[in-house]
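A quick write-up on the structure given underneath.
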Amino acid sequence: MGDIEMNFSYTIFLLIIGYIIVALEITIFAQIRGITGFDVDLLPAVVACIGLISPIETMLIVSCIVGIMYDAVSLNPLGVTSFSLIIPGIMIYTVRHLFMPKQWQLQFLCGLFVGIMQPLISFIILLSMRRAPFFSVDVIMVITVSGLICGFVTPAIYKTVSWLDKTFNYKKVNKNSFRQDREIIRGK
């Protein structure tokens with residue numbers, strides 16, 4: 001599936017999915033924060049799925065734009081989430097040929113990986129910008145639980161992204177194997 005050229009409509013639908021997830025995170029999932037004490041972030045699960053299925057260009061475009069959308073409604077400086085989504089997305093993209101991405105166990109592990117790496121990379125970026133991000137012992141538990149949630153959600157998002165990939169990205173038809181010099185001439 002990764003050998004397919006980037007399709008504009010496919011990328012637009014992935015951006016719409018990212019926009020819907022960002023909107024859900026600032027509305028419905030923000031109310032869950034009052035109960036659980038931490039944010040539920042599903043963008044890493046989307047990036048994990050895109051890294052398993054889509055071309056690198058699609059993964060970069062969606063990670064950048066969705067990350068900026070998320071930063072626009074959060075306290076992060078613009079670009080922090082984009083960068084922290086791109087790095088694990090590229091890591092998954094570069095090793096995806098070694099795996100069978102249709103297995104739900106791999107999808108879970110990729111979602112877990114990106115779900116844990118994304119907040120850690122954001123934390124490192126904020127430290128390098130001389131910002132003072134909030135850190136306590138509870139943050140490790142929150143990152144772990146957030147990674148597990150991303151891991152469990154990734155197979156469902158993978159099915160959606162896979163369906164979009166089959167619907168909007170088509171494989172090029174190979175040339176016909178028929179050679180013109182092999183034609184049988186009739187009519188004499």
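A note on labels: chains of the structure tokens are A, B, ... as shown, every chain counts residues from 1, and ligands are counted from 1 in their shown order.
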Which residues of stretch 50-155 of chain A come within 8 Å of stretch 15-22 of chain A, and for each one, what is the closest pair of atoms and their distance in Å to one decimal, counting only C-alpha atoms, sorted by chain and residue number, as JSON lines?
```
{"residue": "A:Val62", "atom": "CA", "partner": "A:Leu15", "partner_atom": "CA", "distance": 5.9}
{"residue": "A:Ile65", "atom": "CA", "partner": "A:Leu15", "partner_atom": "CA", "distance": 7.6}
{"residue": "A:Val66", "atom": "CA", "partner": "A:Gly18", "partner_atom": "CA", "distance": 5.8}
{"residue": "A:Met69", "atom": "CA", "partner": "A:Val22", "partner_atom": "CA", "distance": 7.2}
{"residue": "A:Tyr70", "atom": "CA", "partner": "A:Val22", "partner_atom": "CA", "distance": 6.0}
```
**Å distance separating atom CA of A:Ala48 from atom CA of A:Ala72, one decimal place** =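 Taking atom CA of A:Ala48 and atom CA of A:Ala72, their separation equals 21.8 Å.
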**Request:** Find the residues near stretch 53-55 of chain A: any atom within 12 Å, counting only C-alpha atoms, skip ones fewer than 6 places away on the same chain, and give them as an MDAnalysis selection string.
**Result:** chainID A and resid 1:8 10:11 14 46:47 61:62 89:90 92:97 99:102 107 157:166 168:169
**For A:Trp104, the nearest of the candidates A:Ala156, A:Leu120, A:Met59, A:Ile125, counting only C-alpha atoms** = A:Ala156
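One distance worth recording is that between atom CA of A:Gln105 and atom CA of A:Leu43, which is 18.9 Å.
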**All residues 7 Å or closer to A:Ile68, only C-alpha atoms, same chain fewer than 4 positions away omitted, as an MDAnalysis selection string** = chainID A and resid 64 72 78:79 81:82
Those selected residues, please, written with N, CA and C atoms and delivered as a PDB file, in the first residue's frame.
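Generated file (part-v1.pdb):
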```pdb
ATOM      1  N   CYS A  64       1.953  17.832  10.261  1.00  0.00           N
ATOM      2  CA  CYS A  64       2.204  19.270  10.408  1.00  0.00           C
ATOM      3  C   CYS A  64       0.914  20.051  10.627  1.00  0.00           C
ATOM      4  N   ALA A  72      -2.849  25.409  18.220  1.00  0.00           N
ATOM      5  CA  ALA A  72      -3.629  26.640  18.202  1.00  0.00           C
ATOM      6  C   ALA A  72      -4.666  26.682  19.327  1.00  0.00           C
ATOM      7  N   LEU A  78       3.259  27.196  18.784  1.00  0.00           N
ATOM      8  CA  LEU A  78       2.956  26.605  17.476  1.00  0.00           C
ATOM      9  C   LEU A  78       4.133  25.791  16.961  1.00  0.00           C
ATOM     10  N   GLY A  79       3.850  24.581  16.520  1.00  0.00           N
ATOM     11  CA  GLY A  79       4.854  23.714  15.930  1.00  0.00           C
ATOM     12  C   GLY A  79       5.384  22.629  16.843  1.00  0.00           C
ATOM     13  N   THR A  81       3.726  20.359  18.723  1.00  0.00           N
ATOM     14  CA  THR A  81       3.012  19.105  18.505  1.00  0.00           C
ATOM     15  C   THR A  81       3.309  18.549  17.116  1.00  0.00           C
ATOM     16  N   SER A  82       3.425  19.420  16.126  1.00  0.00           N
ATOM     17  CA  SER A  82       3.745  18.943  14.776  1.00  0.00           C
ATOM     18  C   SER A  82       5.065  18.186  14.772  1.00  0.00           C
TER      19      SER A  82
END
```
**Item:** Atomic distance atom CA of A:Thr58 - atom CA of A:Thr154, expressed in Å with one decimal
**Value:**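 Calculated distance between atom CA of A:Thr58 and atom CA of A:Thr154 is 17.8 Å.
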**Request:** Could you give me the residues within stretch 100-176 of chain A that DSSP places in alpha helix (DSSP H), as a PyMOL selection string?
**Result:** chain A and resi 104-128+137-168
